[in-house]
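**Student:** Pasting structure39.cif here (mmCIF, C-alpha atoms and all ligand atoms):
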data_query
#
loop_
_atom_site.label_atom_id
_atom_site.label_comp_id
_atom_site.auth_asym_id
_atom_site.auth_seq_id
_atom_site.Cartn_x
_atom_site.Cartn_y
_atom_site.Cartn_z
CA MET A 271 34.02 135.11 -19.90
CA LEU A 272 36.42 138.04 -20.16
CA ILE A 273 38.05 138.70 -23.53
CA LYS A 274 41.11 140.93 -23.63
CA PRO A 275 42.33 141.78 -27.13
CA ASN A 276 45.80 143.26 -26.83
CA SER A 277 46.28 146.05 -29.34
CA VAL A 278 50.07 146.00 -28.93
CA ASP A 279 50.84 142.52 -30.26
CA ASN A 280 47.39 141.55 -31.54
CA GLN A 281 47.21 138.66 -29.06
CA THR A 282 43.90 137.62 -27.56
CA ALA A 283 43.27 136.22 -24.11
CA ILE A 284 40.06 134.79 -22.71
CA GLU A 285 39.62 134.34 -19.00
CA THR A 286 37.23 131.81 -17.46
CA PRO A 287 36.80 131.05 -13.76
CA ARG A 288 39.74 128.60 -13.70
CA LEU A 289 41.53 129.04 -17.01
CA LEU A 290 43.38 131.54 -19.14
CA LEU A 291 43.17 130.91 -22.89
CA ARG A 292 45.83 132.92 -24.64
CA SER A 293 47.10 133.02 -28.22
CA MET A 294 49.55 130.22 -28.86
CA GLN A 295 53.22 131.21 -29.02
CA ALA A 296 56.38 129.65 -30.45
CA ALA A 297 57.71 129.47 -26.87
CA ASP A 298 54.88 127.02 -25.98
CA LEU A 299 56.62 124.20 -27.87
CA ASP A 300 57.93 122.20 -24.88
CA ALA A 301 54.71 122.56 -22.90
CA LEU A 302 52.59 121.53 -25.90
CA LEU A 303 54.82 118.52 -26.50
CA LEU A 304 53.76 117.18 -23.09
CA ILE A 305 50.21 116.89 -24.49
CA PHE A 306 51.29 115.21 -27.71
CA ILE A 307 53.59 112.65 -26.08
CA ASP A 308 50.86 111.71 -23.59
CA ARG A 309 49.91 108.12 -24.46
CA LYS A 310 46.33 108.51 -23.25
CA VAL A 311 45.85 111.63 -25.38
CA MET A 312 47.43 110.12 -28.47
CA ALA A 313 45.33 106.95 -28.18
CA SER A 314 42.49 109.15 -29.49
CA PHE A 315 44.48 109.88 -32.65
CA GLY A 316 45.70 106.38 -33.46
CA GLY A 317 48.38 105.97 -30.80
CA GLU A 318 51.57 107.34 -32.33
CA LEU A 319 53.35 109.95 -30.21
CA PHE A 320 54.72 113.18 -31.68
CA ASP A 321 58.43 113.81 -31.88
CA ARG A 322 59.84 117.31 -31.51
CA ARG A 323 59.87 117.95 -35.22
CA GLN A 324 56.21 117.00 -35.64
CA MET A 325 55.38 119.28 -32.73
CA GLU A 326 57.27 122.14 -34.38
CA GLU A 327 55.37 121.59 -37.64
CA TRP A 328 52.01 121.40 -35.82
CA LEU A 329 52.76 124.59 -33.89
CA HIS A 330 54.01 126.36 -37.01
CA ARG A 331 50.76 125.48 -38.83
CA ASN A 332 48.73 126.90 -35.97
CA LEU A 333 50.75 130.09 -35.78
CA GLU A 334 50.36 130.55 -39.55
CA HIS A 335 46.62 129.97 -39.23
CA GLN A 336 46.43 132.52 -36.44
CA ALA A 337 48.35 135.12 -38.47
CA HIS A 338 46.32 134.49 -41.62
CA HIS A 339 42.80 134.26 -40.19
CA GLY A 340 43.13 136.28 -36.99
CA TYR A 341 42.12 133.33 -34.81
CA GLY A 342 43.30 129.82 -34.11
CA LEU A 343 44.09 127.54 -31.22
CA PHE A 344 44.67 128.94 -27.75
CA SER A 345 47.09 127.61 -25.19
CA VAL A 346 45.08 126.80 -22.07
CA ILE A 347 46.72 127.81 -18.81
CA LEU A 348 45.55 126.74 -15.37
CA LYS A 349 45.30 129.99 -13.44
CA THR A 350 46.24 128.56 -10.05
CA SER A 351 49.58 127.13 -11.25
CA GLY A 352 50.37 128.87 -14.53
CA VAL A 353 50.82 125.43 -16.15
CA LEU A 354 49.84 124.94 -19.81
CA ILE A 355 47.41 122.01 -19.56
CA GLY A 356 45.85 121.92 -23.00
CA ASP A 357 44.96 123.51 -26.29
CA CYS A 358 41.54 124.63 -27.39
CA GLY A 359 40.39 126.78 -30.24
CA LEU A 360 39.40 127.10 -33.84
CA GLU A 361 40.67 125.89 -37.18
CA LEU A 362 39.15 126.90 -40.48
CA MET A 363 38.66 123.93 -42.78
CA GLU A 364 36.72 122.91 -45.86
CA VAL A 365 33.94 120.40 -45.24
CA ASP A 366 31.42 119.49 -47.97
CA ASN A 367 33.01 122.23 -50.13
CA THR A 368 32.16 124.85 -47.51
CA PRO A 369 34.62 126.70 -45.25
CA VAL A 370 33.74 126.21 -41.60
CA ALA A 371 35.60 126.61 -38.30
CA GLU A 372 36.23 123.52 -36.23
CA LEU A 373 36.22 123.73 -32.45
CA GLY A 374 38.96 121.45 -31.10
CA TYR A 375 40.52 120.60 -27.73
CA ASP A 376 43.25 118.38 -26.27
CA PHE A 377 44.24 118.23 -22.61
CA ARG A 378 47.04 116.44 -20.72
CA SER A 379 45.49 113.33 -19.18
CA GLU A 380 46.45 114.22 -15.60
CA TYR A 381 43.98 117.12 -15.92
CA TRP A 382 41.04 115.15 -17.34
CA HIS A 383 37.64 114.75 -15.66
CA GLN A 384 37.65 118.13 -13.98
CA GLY A 385 35.51 120.00 -16.49
CA TYR A 386 38.45 121.91 -17.99
CA ALA A 387 37.73 120.97 -21.62
CA THR A 388 34.09 121.96 -21.26
CA GLU A 389 35.05 125.25 -19.60
CA ALA A 390 37.57 126.11 -22.33
CA ALA A 391 35.40 124.96 -25.25
CA SER A 392 32.39 126.92 -23.97
CA ALA A 393 34.51 130.08 -23.81
CA VAL A 394 35.83 129.51 -27.34
CA ARG A 395 32.27 128.91 -28.62
CA ASP A 396 31.17 132.25 -27.11
CA TYR A 397 34.23 134.00 -28.53
CA ALA A 398 33.55 132.51 -32.00
CA PHE A 399 29.92 133.62 -31.98
CA GLN A 400 29.98 136.89 -30.05
CA THR A 401 33.36 138.35 -31.03
CA LEU A 402 34.18 136.76 -34.40
CA GLY A 403 30.55 136.43 -35.56
CA LEU A 404 31.15 133.03 -37.18
CA PRO A 405 27.89 131.51 -38.47
CA HIS A 406 28.58 127.89 -37.44
CA LEU A 407 31.04 125.71 -35.60
CA ILE A 408 31.66 122.03 -36.14
CA SER A 409 33.64 119.38 -34.31
CA LEU A 410 35.02 116.37 -36.14
CA ILE A 411 35.38 113.49 -33.71
CA ARG A 412 36.74 110.04 -34.41
CA VAL A 413 33.91 107.54 -33.97
CA GLY A 414 34.21 106.07 -30.47
CA ASN A 415 35.82 109.10 -28.81
CA ILE A 416 33.12 109.37 -26.16
CA ALA A 417 34.94 112.00 -24.06
CA SER A 418 35.24 114.36 -27.01
CA ARG A 419 31.65 113.70 -28.04
CA ARG A 420 30.49 114.51 -24.52
CA VAL A 421 32.39 117.83 -24.57
CA ALA A 422 30.78 118.68 -27.91
CA GLU A 423 27.33 117.89 -26.51
CA LYS A 424 28.00 119.90 -23.35
CA VAL A 425 28.85 123.02 -25.36
CA GLY A 426 25.52 122.66 -27.19
CA MET A 427 26.57 120.88 -30.37
CA GLN A 428 24.31 118.36 -32.04
CA PHE A 429 25.16 115.25 -34.01
CA ASP A 430 25.03 116.05 -37.72
CA SER A 431 26.42 113.07 -39.64
CA GLU A 432 29.00 110.31 -39.79
CA PHE A 433 31.56 110.29 -42.59
CA THR A 434 34.98 108.97 -43.52
CA ARG A 435 38.05 111.20 -43.39
CA TYR A 436 41.60 110.04 -44.13
CA GLY A 437 40.25 106.48 -44.04
CA SER A 438 38.72 106.71 -40.54
CA PRO A 439 35.07 107.14 -39.56
CA TYR A 440 34.22 110.48 -37.93
CA TRP A 441 31.20 112.01 -36.22
CA LYS A 442 30.42 115.55 -37.28
CA PHE A 443 28.88 117.72 -34.57
CA LYS A 444 27.53 121.14 -35.37
CA ILE A 445 26.15 124.27 -33.72
CA ALA A 446 24.73 127.41 -35.35
CA ASN A 447 25.44 130.89 -34.05
CA PRO A 448 22.18 131.92 -32.32
CA LEU A 449 23.08 135.59 -32.92
CA THR A 450 23.26 135.27 -36.71
CA ARG A 451 20.58 132.63 -37.25
CA ARG A 452 17.88 133.81 -39.69
CA LYS A 453 14.56 134.50 -38.00
C1 LIG A 501 38.29 115.03 -24.84
C2 LIG A 501 39.02 115.69 -23.68
C3 LIG A 501 39.55 117.03 -24.13
C4 LIG A 501 38.03 115.89 -22.52
O1 LIG A 501 38.72 116.58 -21.48
P1 LIG A 501 38.17 116.70 -19.98
O2 LIG A 501 38.74 117.96 -19.42
O3 LIG A 501 38.38 115.44 -19.25
O4 LIG A 501 36.61 116.91 -20.23
P2 LIG A 501 35.55 117.40 -19.13
O5 LIG A 501 36.11 117.18 -17.77
O6 LIG A 501 35.13 118.80 -19.51
O7 LIG A 501 34.36 116.38 -19.34
C5 LIG A 501 33.34 116.60 -20.27
C6 LIG A 501 32.36 115.44 -20.23
O8 LIG A 501 32.98 114.30 -20.83
C7 LIG A 501 32.88 113.19 -19.94
N1 LIG A 501 34.07 112.39 -20.12
C8 LIG A 501 35.34 112.80 -20.00
N2 LIG A 501 36.17 111.75 -20.26
C9 LIG A 501 35.37 110.70 -20.55
C10 LIG A 501 35.63 109.36 -20.93
N3 LIG A 501 36.87 108.90 -21.07
N4 LIG A 501 34.56 108.56 -21.17
C11 LIG A 501 33.31 109.00 -21.07
N5 LIG A 501 32.99 110.28 -20.73
C12 LIG A 501 34.03 111.11 -20.48
C13 LIG A 501 32.80 113.81 -18.58
O9 LIG A 501 32.24 112.92 -17.63
C14 LIG A 501 31.94 115.02 -18.85
O10 LIG A 501 30.58 114.68 -18.97
P3 LIG A 501 29.56 114.80 -17.73
O11 LIG A 501 29.69 116.18 -17.20
O12 LIG A 501 28.26 114.50 -18.34
O13 LIG A 501 30.01 113.79 -16.71
C15 LIG A 501 40.18 114.80 -23.16
O14 LIG A 501 39.67 113.54 -22.86
C16 LIG A 501 41.32 114.68 -24.17
O15 LIG A 501 42.19 115.54 -24.25
N6 LIG A 501 41.30 113.56 -24.93
C17 LIG A 501 42.39 113.31 -25.90
C18 LIG A 501 42.39 114.27 -27.06
C19 LIG A 501 41.06 114.30 -27.77
O16 LIG A 501 40.35 113.30 -27.90
N7 LIG A 501 40.72 115.50 -28.29
C20 LIG A 501 39.51 115.68 -29.07
C21 LIG A 501 39.75 115.31 -30.47
S1 LIG A 501 38.24 115.43 -31.42
#
Once more with this new file: its structure as structure tokens, please.

**Tutor:**
Amino acid sequence: MLIKPNSVDNQTAIETPRLLLRSMQAADLDALLLIFIDRKVMASFGGELFDRRQMEEWLHRNLEHQAHHGYGLFSVILKTSGVLIGDCGLELMEVDNTPVAELGYDFRSEYWHQGYATEAASAVRDYAFQTLGLPHLISLIRVGNIASRRVAEKVGMQFDSEFTRYGSPYWKFKIANPLTRRK
């Protein structure tokens, strides 16, 4: 994993063997919309597709998060083609009255089953632990989303609990930063 913080515009890029994860930008709107109007992707979130306005709001939230916390979701670019194929990154949230960063990922369905989500999520995990020094990461996964659960397991997360969020049952997966764990 190669991390390149850019001191000029404060953007971060992470390079993996096949992918470039770079800070999300306002200009990514159209490419991101292709993920969120993908029926197979949106089936994991209840089925309703985004319209352009929802995409703008989603992107705006992520850009605000990035500006406020110094990290957020990356746009994931396939190096061979330069195509934006997914998003993967971190979102700070409050769970059980404790702030914790969630590791999340969504990829266009034509790029599934090639290990891209695992490759991106592993790089973000390492960035979160080695560069940001975050103590824990969680993933909140709708019960039944086996693909997402498998990605969480493959990046070393363990099942923590099942709980209800916004009326739907979720699995919580968790991993502790081995570099900050108390001896
Ligand atoms: C979850 C998601 C990102 C996985 O992307 P991907 O690039 O296909 O994942 P990978 O290729 O890295 O596969 C990781 C593992 O999941 C398994 N997997 C992938 N899709 C699967 C499916 N539909 N059912 C069962 N296992 C699946 C793979 O076989 C692999 O495990 P293995 O190596 O033991 O065989 C993708 O399915 C997606 O974008 N889904 C919709 C959005 C979503 O659910 N996001 C997560 C919200 S919590």

**Student:** Of the candidates A:Leu348, A:Leu343, A:Ala417, A:Ala391, which shows the shortest atom-to-atom distance to ligand LIG 501 (chain A), using only C-alpha atoms and all ligand atoms?

**Tutor:**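 Using only C-alpha atoms and all ligand atoms, the shortest distance to ligand LIG 501 (chain A) belongs to A:Ala417.
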
**Student:** Using all atoms listed in the file, which residues of the polymer chains come no farther than 9 Å from ligand LIG 501 (chain A)? I'd like the answer as number ranges by chain.

**Tutor:** A: 305-306, 308, 310-315, 356-358, 373-391, 409-412, 415-424

**Student:** Only C-alpha atoms, please: the residues just picked out, written as an mmCIF file, in the coordinates of the input.

**Tutor:**
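File written: part.cif
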data_model
loop_
_atom_site.group_PDB
_atom_site.id
_atom_site.type_symbol
_atom_site.label_atom_id
_atom_site.label_comp_id
_atom_site.auth_asym_id
_atom_site.auth_seq_id
_atom_site.Cartn_x
_atom_site.Cartn_y
_atom_site.Cartn_z
ATOM 1 C CA ILE A 305 50.210 116.890 -24.490
ATOM 2 C CA PHE A 306 51.290 115.210 -27.710
ATOM 3 C CA ASP A 308 50.860 111.710 -23.590
ATOM 4 C CA LYS A 310 46.330 108.510 -23.250
ATOM 5 C CA VAL A 311 45.850 111.630 -25.380
ATOM 6 C CA MET A 312 47.430 110.120 -28.470
ATOM 7 C CA ALA A 313 45.330 106.950 -28.180
ATOM 8 C CA SER A 314 42.490 109.150 -29.490
ATOM 9 C CA PHE A 315 44.480 109.880 -32.650
ATOM 10 C CA GLY A 356 45.850 121.920 -23.000
ATOM 11 C CA ASP A 357 44.960 123.510 -26.290
ATOM 12 C CA CYS A 358 41.540 124.630 -27.390
ATOM 13 C CA LEU A 373 36.220 123.730 -32.450
ATOM 14 C CA GLY A 374 38.960 121.450 -31.100
ATOM 15 C CA TYR A 375 40.520 120.600 -27.730
ATOM 16 C CA ASP A 376 43.250 118.380 -26.270
ATOM 17 C CA PHE A 377 44.240 118.230 -22.610
ATOM 18 C CA ARG A 378 47.040 116.440 -20.720
ATOM 19 C CA SER A 379 45.490 113.330 -19.180
ATOM 20 C CA GLU A 380 46.450 114.220 -15.600
ATOM 21 C CA TYR A 381 43.980 117.120 -15.920
ATOM 22 C CA TRP A 382 41.040 115.150 -17.340
ATOM 23 C CA HIS A 383 37.640 114.750 -15.660
ATOM 24 C CA GLN A 384 37.650 118.130 -13.980
ATOM 25 C CA GLY A 385 35.510 120.000 -16.490
ATOM 26 C CA TYR A 386 38.450 121.910 -17.990
ATOM 27 C CA ALA A 387 37.730 120.970 -21.620
ATOM 28 C CA THR A 388 34.090 121.960 -21.260
ATOM 29 C CA GLU A 389 35.050 125.250 -19.600
ATOM 30 C CA ALA A 390 37.570 126.110 -22.330
ATOM 31 C CA ALA A 391 35.400 124.960 -25.250
ATOM 32 C CA SER A 409 33.640 119.380 -34.310
ATOM 33 C CA LEU A 410 35.020 116.370 -36.140
ATOM 34 C CA ILE A 411 35.380 113.490 -33.710
ATOM 35 C CA ARG A 412 36.740 110.040 -34.410
ATOM 36 C CA ASN A 415 35.820 109.100 -28.810
ATOM 37 C CA ILE A 416 33.120 109.370 -26.160
ATOM 38 C CA ALA A 417 34.940 112.000 -24.060
ATOM 39 C CA SER A 418 35.240 114.360 -27.010
ATOM 40 C CA ARG A 419 31.650 113.700 -28.040
ATOM 41 C CA ARG A 420 30.490 114.510 -24.520
ATOM 42 C CA VAL A 421 32.390 117.830 -24.570
ATOM 43 C CA ALA A 422 30.780 118.680 -27.910
ATOM 44 C CA GLU A 423 27.330 117.890 -26.510
ATOM 45 C CA LYS A 424 28.000 119.900 -23.350
#

**Student:** Taking all atoms listed in the file into account, which of A:Leu449, A:Leu299, A:Val346, A:Ala398 comes nearest His330 in chain A?

**Tutor:**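 Answer, going by the shortest atom-to-atom distance: A:Leu299.
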
**Student:** Which residues, written as a compact mmCIF listing (two decimals) with C-alpha atoms, in the coordinates of the input, have at least one atom at most 9 Å from Ala301 in chain A, with all atoms listed in the file counted and residues fewer than 5 positions away on the same chain left out?

**Tutor:**
# COMPACT_ATOMS: atom_id res chain seq x y z
CA VAL A 353 50.82 125.43 -16.15
CA LEU A 354 49.84 124.94 -19.81
CA ILE A 355 47.41 122.01 -19.56
CA GLY A 356 45.85 121.92 -23.00

**Student:** Env of Glu372 in chain A: 10 Å cut, atoms = all atoms listed in the file, seq-sep filter 3 positions within chain, self excluded. Answer as a PyMOL selection string.

**Tutor:** chain A and resi 342+359-365+369+375+406-410+442-444

**Student:** Have a look at A:Arg322, A:Thr350, A:Thr401, A:Val394 and name the one nearest to Arg292 in chain A; count all atoms listed in the file.

**Tutor:** A:Val394

**Student:** So what do you get for CA of Ile445 in chain A versus CA of Ser392 in chain A, distance-wise?

**Tutor:**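 Taking CA of Ile445 in chain A and CA of Ser392 in chain A, their separation equals 11.9 Å.
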
**Student:** Using only C-alpha atoms, find the one residue out of A:Ala337, A:Ala446, A:Leu290, A:Ala371 that sits nearest to Asp430 in chain A.

**Tutor:**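 Comparing A:Ala337, A:Ala446, A:Leu290, A:Ala371 against Asp430 in chain A, the winner is A:Ala446.
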
**Student:** Which of these, A:Trp441, A:Phe344, A:Phe433, A:Phe399, has the shortest distance to Glu285 in chain A once you count only C-alpha atoms?

**Tutor:**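 Checking each of A:Trp441, A:Phe344, A:Phe433, A:Phe399 against Glu285 in chain A, counting only C-alpha atoms, the winner is A:Phe344.
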